[in-house]
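Okay, query03.txt now, which holds compact mmCIF, C-alpha atoms and all ligand atoms:
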```
# COMPACT_ATOMS: atom_id res chain seq x y z
CA MET F 1 -12.66 3.79 16.42
CA LEU F 2 -9.44 2.52 14.82
CA PHE F 3 -9.56 2.45 11.02
CA ARG F 4 -7.34 -0.29 9.59
CA VAL F 5 -5.88 -0.10 6.09
CA CYS F 6 -3.62 -2.66 4.42
CA PHE F 7 -1.65 -1.96 1.21
CA VAL F 8 -1.12 -4.95 -1.06
CA CYS F 9 1.26 -5.61 -3.96
CA LEU F 10 2.86 -8.79 -5.30
CA GLY F 11 6.07 -9.21 -3.31
CA ASN F 12 5.63 -6.74 -0.40
CA ILE F 13 9.18 -5.52 -0.91
CA CYS F 14 8.67 -2.60 -3.35
CA ARG F 15 5.33 -0.85 -3.89
CA SER F 16 3.24 -1.64 -0.82
CA PRO F 17 6.07 -0.96 1.67
CA ILE F 18 6.53 2.43 -0.01
CA ALA F 19 2.79 3.11 0.35
CA GLU F 20 2.85 2.05 4.01
CA VAL F 21 5.71 4.40 4.92
CA VAL F 22 4.30 7.34 2.93
CA MET F 23 0.82 6.87 4.37
CA ARG F 24 2.14 6.80 7.95
CA ARG F 25 3.90 10.11 7.37
CA LEU F 26 0.81 11.76 5.86
CA LEU F 27 -1.36 10.54 8.73
CA GLU F 28 1.15 11.84 11.28
CA ASP F 29 1.18 15.22 9.49
CA ARG F 30 -2.63 15.33 9.76
CA GLY F 31 -2.62 14.19 13.40
CA LEU F 32 -4.54 11.05 12.45
CA ASP F 33 -1.88 8.46 13.23
CA GLY F 34 -3.61 7.42 16.46
CA GLN F 35 -6.83 6.69 14.59
CA VAL F 36 -5.54 4.78 11.60
CA GLN F 37 -3.52 1.56 11.59
CA VAL F 38 -1.43 0.99 8.47
CA SER F 39 0.11 -2.27 7.27
CA SER F 40 1.15 -3.93 4.02
CA ALA F 41 1.40 -7.40 2.54
CA GLY F 42 2.09 -9.23 -0.73
CA THR F 43 -0.06 -11.75 -2.55
CA GLY F 44 3.09 -13.87 -3.13
CA ASP F 45 5.13 -15.60 -0.44
CA TRP F 46 8.63 -15.47 -1.99
CA HIS F 47 9.97 -12.68 0.20
CA VAL F 48 8.19 -13.29 3.52
CA GLY F 49 10.37 -12.14 6.43
CA GLU F 50 12.75 -10.18 4.21
CA ARG F 51 13.55 -6.49 4.40
CA ALA F 52 12.29 -4.19 1.67
CA ASP F 53 14.22 -4.25 -1.63
CA GLU F 54 17.43 -2.17 -1.53
CA ARG F 55 16.01 0.11 -4.22
CA THR F 56 12.89 0.65 -2.09
CA LEU F 57 14.98 1.61 0.92
CA ALA F 58 17.10 3.89 -1.28
CA VAL F 59 14.20 5.77 -2.88
CA LEU F 60 12.56 6.21 0.50
CA ALA F 61 15.80 7.54 2.00
CA ARG F 62 16.30 9.93 -0.94
CA HIS F 63 12.92 11.43 -0.14
CA GLY F 64 13.33 11.57 3.64
CA TYR F 65 11.50 8.39 4.64
CA ASP F 66 12.78 5.39 6.61
CA GLY F 67 11.70 1.93 5.44
CA SER F 68 14.28 -0.01 7.44
CA GLY F 69 11.73 -1.49 9.86
CA HIS F 70 9.82 -3.29 7.11
CA ARG F 71 9.60 -7.09 7.02
CA ALA F 72 7.64 -8.69 4.20
CA ARG F 73 4.38 -10.51 4.93
CA GLN F 74 1.98 -12.48 2.78
CA PHE F 75 -1.64 -11.35 2.38
CA VAL F 76 -3.87 -14.16 3.66
CA ALA F 77 -7.66 -14.54 3.79
CA GLU F 78 -7.71 -13.75 7.53
CA ALA F 79 -6.58 -10.21 6.66
CA PHE F 80 -10.15 -9.45 5.58
CA ASP F 81 -11.20 -9.75 9.23
CA ASP F 82 -8.37 -7.49 10.37
CA ASN F 83 -8.88 -4.56 7.97
CA ASP F 84 -11.53 -2.02 7.00
CA LEU F 85 -9.89 -1.18 3.69
CA VAL F 86 -7.50 -3.11 1.44
CA VAL F 87 -5.67 -0.92 -1.09
CA VAL F 88 -4.01 -2.74 -3.99
CA MET F 89 -1.39 -1.46 -6.42
CA ASP F 90 -2.59 -2.96 -9.69
CA SER F 91 -5.34 -4.95 -11.35
CA ASN F 92 -3.49 -8.26 -10.88
CA ASN F 93 -3.35 -7.63 -7.13
CA LEU F 94 -7.05 -6.78 -7.24
CA ALA F 95 -7.94 -10.10 -8.87
CA ASP F 96 -5.67 -12.06 -6.50
CA VAL F 97 -7.07 -10.35 -3.40
CA ARG F 98 -10.68 -10.79 -4.53
CA ARG F 99 -10.05 -14.52 -5.04
CA LEU F 100 -9.01 -14.78 -1.39
CA ALA F 101 -12.05 -12.96 0.00
CA PRO F 102 -14.34 -15.13 2.13
CA SER F 103 -17.84 -15.23 0.61
CA GLY F 104 -20.03 -12.45 1.96
CA ASP F 105 -17.05 -10.39 3.11
CA ASP F 106 -17.75 -6.66 2.85
CA THR F 107 -14.23 -5.28 3.32
CA ASP F 108 -13.63 -2.47 0.85
CA VAL F 109 -10.94 -3.38 -1.74
CA ARG F 110 -9.72 -0.48 -3.88
CA LEU F 111 -6.96 0.38 -6.36
CA LEU F 112 -4.59 2.97 -4.85
CA ARG F 113 -4.67 5.27 -7.88
CA GLU F 114 -8.46 5.62 -7.62
CA PHE F 115 -7.62 8.11 -4.88
CA ASP F 116 -5.52 10.28 -7.22
CA PRO F 117 -7.87 12.58 -9.14
CA MET F 118 -5.10 13.23 -11.73
CA ALA F 119 -4.39 9.58 -12.49
CA THR F 120 -5.39 8.19 -15.87
CA ASP F 121 -3.83 4.71 -15.64
CA MET F 122 -5.09 3.02 -12.45
CA ASP F 123 -2.07 0.70 -11.99
CA VAL F 124 1.08 1.47 -10.00
CA PRO F 125 3.53 -0.40 -12.27
CA ASP F 126 5.71 -3.15 -10.80
CA PRO F 127 9.24 -1.65 -10.58
CA TYR F 128 10.98 -4.92 -9.59
CA TYR F 129 12.56 -5.75 -12.96
CA GLY F 130 13.45 -2.16 -13.85
CA GLY F 131 15.89 0.48 -12.61
CA ALA F 132 15.92 3.15 -9.93
CA GLN F 133 13.83 5.52 -12.05
CA GLY F 134 10.87 3.16 -11.78
CA PHE F 135 11.07 3.43 -8.02
CA ASP F 136 11.04 7.24 -8.18
CA GLU F 137 7.94 7.04 -10.38
CA VAL F 138 6.27 4.66 -7.93
CA LEU F 139 7.01 6.98 -5.02
CA ALA F 140 5.52 9.98 -6.85
CA MET F 141 2.36 8.02 -7.74
CA VAL F 142 2.04 6.73 -4.19
CA GLU F 143 2.46 10.19 -2.65
CA ALA F 144 -0.19 11.70 -4.94
CA ALA F 145 -2.71 8.92 -4.32
CA CYS F 146 -2.11 8.69 -0.56
CA ARG F 147 -3.06 12.36 -0.20
CA GLY F 148 -6.49 11.49 -1.61
CA LEU F 149 -6.63 8.34 0.48
CA VAL F 150 -6.05 10.30 3.69
CA GLU F 151 -9.01 12.53 2.80
CA HIS F 152 -11.15 9.48 2.05
CA ILE F 153 -10.32 7.92 5.42
CA GLU F 154 -10.79 11.24 7.22
CA LYS F 155 -14.36 11.38 5.88
CA ASP F 156 -14.96 7.82 7.00
CA LEU F 157 -13.70 8.63 10.50
CA ASP F 158 -16.03 11.64 10.68
CA ALA F 159 -19.06 9.69 9.44
P1 LIG F 201 6.31 -5.49 -5.40
O1 LIG F 201 7.44 -5.90 -6.48
O2 LIG F 201 5.11 -6.33 -5.73
O3 LIG F 201 6.09 -4.05 -5.69
O4 LIG F 201 6.90 -5.79 -4.06
C1 LIG F 201 7.85 -7.22 -6.69
C2 LIG F 201 8.71 -7.82 -5.81
C3 LIG F 201 9.14 -9.12 -6.05
C4 LIG F 201 8.67 -9.79 -7.16
C5 LIG F 201 7.80 -9.19 -8.03
C6 LIG F 201 7.36 -7.90 -7.79
N1 LIG F 201 9.11 -11.11 -7.41
O5 LIG F 201 8.75 -11.67 -8.45
O6 LIG F 201 9.86 -11.68 -6.60
```

In C-alpha cells, how does this file's structure come out?
Amino acid sequence: MLFRVCFVCLGNICRSPIAEVVMRRLLEDRGLDGQVQVSSAGTGDWHVGERADERTLAVLARHGYDGSGHRARQFVAEAFDDNDLVVVMDSNNLADVRRLAPSGDDTDVRLLREFDPMATDMDVPDPYYGGAQGFDEVLAMVEAACRGLVEHIEKDLDA
C-alpha cells in the first residue's frame, strides 16, 4: 500500500516545500521512501508554477537539502481524493483546507507540530515577510515534527 501525504501552507514556496524535502530525506533514511508518496501545495494561487522562495532554497542548501526541483502548486478539493493525510503548517491553513473538504470526506487533516512532542505552539510561523533567521527556525521546527510524523506513518503502514 502506498501512503500519500501532502504538506500545505499558504504560498507553497516557503514552509510546505521545506517540509516536503525534509520528509523525503527522513523516509529515505528509514527505507520507507517506496511506501510513502510526499507532495506539497498552497491554499493560495499567487505562486503556482514558481520555484521555491530563494530563502527557502538557501536554508535547505545550508542544511544539506536540495529544493531546486520544487514548483509551486495550489491545494484544490480533488487533493482529498489523492491523499491519506494532509499536514498543514498553521491554524489558518487548517481552516482553509477544511473549507475545501468535500462533505463526508474522511481524509485526516493535521497540524504538523502535533507530531512534535516538544512543541507548545502548534503553528509553524509564516517566514515570508521576515528574514533568513525565520527560515532557519522553520527548518528546525519542520525537522523535529517530521521525525514524529515518520513514526506516525510507520505505525499506519504496519497496521
Ligand atoms: P508559505 O509562505 O505559505 O510558507 O509558502 C508564504 C509565501 C507567499 C506568501 C505568503 C506566505 N504570499 O503572500 O505571497

Legend entry - Spatial neighbours of Phe7 in chain F, max dist 10 Å, all atoms listed in the file, sep filter under 6 positions, as a ChimeraX atom specification: /F:15-20,23,38-42,75,85-89,109-112

Legend entry - Environment of ligand LIG 201 (chain F) within 10 Å, counting all atoms listed in the file, reported as a PyMOL selection string: chain F and resi 8-19+41-47+52-53+56+72+88-90+93+124-129+135+138

Legend entry - Top pick for closest residue to Leu60 in chain F, considering F:Met1, F:Val21, F:Ala79, F:Ala132 and counting all atoms listed in the file: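 Of F:Met1, F:Val21, F:Ala79, F:Ala132, the one nearest Leu60 in chain F, counting all atoms listed in the file, is F:Val21.
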
List every residue of range 8-76 of chain F that has an atom at most 9 Å from any atom of range 151-158 of chain F, giving for each one its closest atom pair and the distance in Å to one decimal, counting all atoms listed in the file, sorted by chain and then by ascending residue number, as CSV.
```
residue,atom,partner,partner_atom,distance
F:Leu32,CA,F:Glu154,CA,8.2
F:Gln35,CA,F:Leu157,CA,8.2
F:Val36,CA,F:Ile153,CA,8.4
```

Identify, on the basis of only C-alpha atoms, every residue whose closest approach to range 100-106 of chain F does not exceed 6 Å; exclude the query and any residue fewer than 2 positions from it along the same chain; express the result as an mmCIF file with C-alpha atoms, in the frame of the given file.
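Writing done, so here's selection-v9.cif:
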```
data_model
loop_
_atom_site.group_PDB
_atom_site.id
_atom_site.type_symbol
_atom_site.label_atom_id
_atom_site.label_comp_id
_atom_site.auth_asym_id
_atom_site.auth_seq_id
_atom_site.Cartn_x
_atom_site.Cartn_y
_atom_site.Cartn_z
ATOM 1 C CA ALA F 77 -7.660 -14.540 3.790
ATOM 2 C CA VAL F 97 -7.070 -10.350 -3.400
ATOM 3 C CA ARG F 98 -10.680 -10.790 -4.530
#
```

Inset, instruction - Between F:Ala140, F:Leu94, F:Val5, F:Ala145, single out the one closest to Pro117 in chain F, counting only C-alpha atoms. - result: F:Ala145

Legend entry - Distance in Å - CA of Gly148 in chain F versus CA of Asp84 in chain F: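 Between CA of Gly148 in chain F and CA of Asp84 in chain F the gap works out to 16.8 Å.
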
Legend entry - CA of Asp29 in chain F to CA of Phe80 in chain F, distance in Å rounded to a single decimal: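 Value for the CA of Asp29 in chain F-CA of Phe80 in chain F distance: 27.4 Å.
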
Legend entry - Among the residues F:Asn92, F:Thr107, F:Arg71, F:Asp33, the one that comes closest to Cys6 in chain F [using all atoms listed in the file]: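 Among the listed residues, the smallest separation from Cys6 in chain F belongs to F:Thr107.
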
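For the atom pair formed by CA of Asp81 in chain F and CA of Glu28 in chain F, the distance is 25.0 Å, given to one decimal.
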
Could you write range 5-29 of chain F as a PDB file, in the coordinates of the input, with N, CA, C and O atoms rebuilt where they are missing?
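Result saved to result-v6.pdb:
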```
ATOM      1  N   VAL F   5      -6.099  -0.026   7.535  1.00  0.00           N
ATOM      2  CA  VAL F   5      -5.880  -0.100   6.090  1.00  0.00           C
ATOM      3  C   VAL F   5      -4.638  -0.944   5.805  1.00  0.00           C
ATOM      4  O   VAL F   5      -3.627  -0.828   6.498  1.00  0.00           O
ATOM      5  N   CYS F   6      -4.751  -1.822   4.805  1.00  0.00           N
ATOM      6  CA  CYS F   6      -3.620  -2.660   4.420  1.00  0.00           C
ATOM      7  C   CYS F   6      -3.326  -2.458   2.935  1.00  0.00           C
ATOM      8  O   CYS F   6      -4.220  -2.615   2.097  1.00  0.00           O
ATOM      9  N   PHE F   7      -2.076  -2.102   2.600  1.00  0.00           N
ATOM     10  CA  PHE F   7      -1.650  -1.960   1.210  1.00  0.00           C
ATOM     11  C   PHE F   7      -1.129  -3.302   0.705  1.00  0.00           C
ATOM     12  O   PHE F   7      -0.386  -3.989   1.416  1.00  0.00           O
ATOM     13  N   VAL F   8      -1.503  -3.633  -0.521  1.00  0.00           N
ATOM     14  CA  VAL F   8      -1.120  -4.950  -1.060  1.00  0.00           C
ATOM     15  C   VAL F   8      -0.494  -4.809  -2.444  1.00  0.00           C
ATOM     16  O   VAL F   8      -1.038  -4.111  -3.309  1.00  0.00           O
ATOM     17  N   CYS F   9       0.667  -5.471  -2.620  1.00  0.00           N
ATOM     18  CA  CYS F   9       1.260  -5.610  -3.960  1.00  0.00           C
ATOM     19  C   CYS F   9       1.595  -7.093  -4.139  1.00  0.00           C
ATOM     20  O   CYS F   9       1.014  -7.945  -3.475  1.00  0.00           O
ATOM     21  N   LEU F  10       2.541  -7.391  -5.034  1.00  0.00           N
ATOM     22  CA  LEU F  10       2.860  -8.790  -5.300  1.00  0.00           C
ATOM     23  C   LEU F  10       3.861  -9.348  -4.289  1.00  0.00           C
ATOM     24  O   LEU F  10       3.633 -10.376  -3.652  1.00  0.00           O
ATOM     25  N   GLY F  11       4.995  -8.660  -4.139  1.00  0.00           N
ATOM     26  CA  GLY F  11       6.070  -9.210  -3.310  1.00  0.00           C
ATOM     27  C   GLY F  11       6.189  -8.628  -1.916  1.00  0.00           C
ATOM     28  O   GLY F  11       6.905  -9.157  -1.079  1.00  0.00           O
ATOM     29  N   ASN F  12       5.520  -7.491  -1.669  1.00  0.00           N
ATOM     30  CA  ASN F  12       5.630  -6.740  -0.400  1.00  0.00           C
ATOM     31  C   ASN F  12       7.074  -6.351  -0.078  1.00  0.00           C
ATOM     32  O   ASN F  12       7.490  -6.345   1.081  1.00  0.00           O
ATOM     33  N   ILE F  13       7.834  -6.063  -1.138  1.00  0.00           N
ATOM     34  CA  ILE F  13       9.180  -5.520  -0.910  1.00  0.00           C
ATOM     35  C   ILE F  13       9.408  -4.216  -1.670  1.00  0.00           C
ATOM     36  O   ILE F  13      10.429  -3.558  -1.452  1.00  0.00           O
ATOM     37  N   CYS F  14       8.494  -3.852  -2.575  1.00  0.00           N
ATOM     38  CA  CYS F  14       8.670  -2.600  -3.350  1.00  0.00           C
ATOM     39  C   CYS F  14       7.495  -1.639  -3.139  1.00  0.00           C
ATOM     40  O   CYS F  14       7.579  -0.708  -2.339  1.00  0.00           O
ATOM     41  N   ARG F  15       6.393  -1.860  -3.857  1.00  0.00           N
ATOM     42  CA  ARG F  15       5.330  -0.850  -3.890  1.00  0.00           C
ATOM     43  C   ARG F  15       4.571  -0.698  -2.588  1.00  0.00           C
ATOM     44  O   ARG F  15       4.398   0.429  -2.093  1.00  0.00           O
ATOM     45  N   SER F  16       4.067  -1.807  -2.015  1.00  0.00           N
ATOM     46  CA  SER F  16       3.240  -1.640  -0.820  1.00  0.00           C
ATOM     47  C   SER F  16       4.034  -1.176   0.411  1.00  0.00           C
ATOM     48  O   SER F  16       3.498  -0.420   1.221  1.00  0.00           O
ATOM     49  N   PRO F  17       5.314  -1.564   0.553  1.00  0.00           N
ATOM     50  CA  PRO F  17       6.070  -0.960   1.670  1.00  0.00           C
ATOM     51  C   PRO F  17       6.257   0.539   1.496  1.00  0.00           C
ATOM     52  O   PRO F  17       6.251   1.289   2.476  1.00  0.00           O
ATOM     53  N   ILE F  18       6.415   0.995   0.237  1.00  0.00           N
ATOM     54  CA  ILE F  18       6.530   2.430  -0.010  1.00  0.00           C
ATOM     55  C   ILE F  18       5.222   3.115   0.405  1.00  0.00           C
ATOM     56  O   ILE F  18       5.222   4.132   1.115  1.00  0.00           O
ATOM     57  N   ALA F  19       4.096   2.525   0.004  1.00  0.00           N
ATOM     58  CA  ALA F  19       2.790   3.110   0.350  1.00  0.00           C
ATOM     59  C   ALA F  19       2.601   3.158   1.871  1.00  0.00           C
ATOM     60  O   ALA F  19       2.090   4.140   2.419  1.00  0.00           O
ATOM     61  N   GLU F  20       3.026   2.106   2.549  1.00  0.00           N
ATOM     62  CA  GLU F  20       2.850   2.050   4.010  1.00  0.00           C
ATOM     63  C   GLU F  20       3.617   3.190   4.697  1.00  0.00           C
ATOM     64  O   GLU F  20       3.077   3.895   5.567  1.00  0.00           O
ATOM     65  N   VAL F  21       4.865   3.382   4.291  1.00  0.00           N
ATOM     66  CA  VAL F  21       5.710   4.400   4.920  1.00  0.00           C
ATOM     67  C   VAL F  21       5.197   5.812   4.599  1.00  0.00           C
ATOM     68  O   VAL F  21       5.134   6.687   5.477  1.00  0.00           O
ATOM     69  N   VAL F  22       4.808   6.025   3.338  1.00  0.00           N
ATOM     70  CA  VAL F  22       4.300   7.340   2.930  1.00  0.00           C
ATOM     71  C   VAL F  22       2.992   7.654   3.656  1.00  0.00           C
ATOM     72  O   VAL F  22       2.786   8.763   4.163  1.00  0.00           O
ATOM     73  N   MET F  23       2.120   6.659   3.735  1.00  0.00           N
ATOM     74  CA  MET F  23       0.820   6.870   4.370  1.00  0.00           C
ATOM     75  C   MET F  23       0.984   7.199   5.854  1.00  0.00           C
ATOM     76  O   MET F  23       0.300   8.087   6.380  1.00  0.00           O
ATOM     77  N   ARG F  24       1.899   6.504   6.521  1.00  0.00           N
ATOM     78  CA  ARG F  24       2.140   6.800   7.950  1.00  0.00           C
ATOM     79  C   ARG F  24       2.535   8.251   8.146  1.00  0.00           C
ATOM     80  O   ARG F  24       2.062   8.920   9.059  1.00  0.00           O
ATOM     81  N   ARG F  25       3.423   8.732   7.265  1.00  0.00           N
ATOM     82  CA  ARG F  25       3.900  10.110   7.370  1.00  0.00           C
ATOM     83  C   ARG F  25       2.754  11.097   7.172  1.00  0.00           C
ATOM     84  O   ARG F  25       2.586  12.052   7.937  1.00  0.00           O
ATOM     85  N   LEU F  26       1.925  10.843   6.144  1.00  0.00           N
ATOM     86  CA  LEU F  26       0.810  11.760   5.860  1.00  0.00           C
ATOM     87  C   LEU F  26      -0.187  11.773   7.021  1.00  0.00           C
ATOM     88  O   LEU F  26      -0.723  12.823   7.384  1.00  0.00           O
ATOM     89  N   LEU F  27      -0.424  10.616   7.596  1.00  0.00           N
ATOM     90  CA  LEU F  27      -1.360  10.540   8.730  1.00  0.00           C
ATOM     91  C   LEU F  27      -0.802  11.267   9.944  1.00  0.00           C
ATOM     92  O   LEU F  27      -1.536  11.964  10.651  1.00  0.00           O
ATOM     93  N   GLU F  28       0.506  11.112  10.173  1.00  0.00           N
ATOM     94  CA  GLU F  28       1.150  11.840  11.280  1.00  0.00           C
ATOM     95  C   GLU F  28       0.998  13.346  11.059  1.00  0.00           C
ATOM     96  O   GLU F  28       0.640  14.087  11.981  1.00  0.00           O
ATOM     97  N   ASP F  29       1.266  13.785   9.813  1.00  0.00           N
ATOM     98  CA  ASP F  29       1.180  15.220   9.490  1.00  0.00           C
ATOM     99  C   ASP F  29      -0.219  15.755   9.761  1.00  0.00           C
ATOM    100  O   ASP F  29      -0.386  16.921  10.099  1.00  0.00           O
TER     101      ASP F  29
END
```
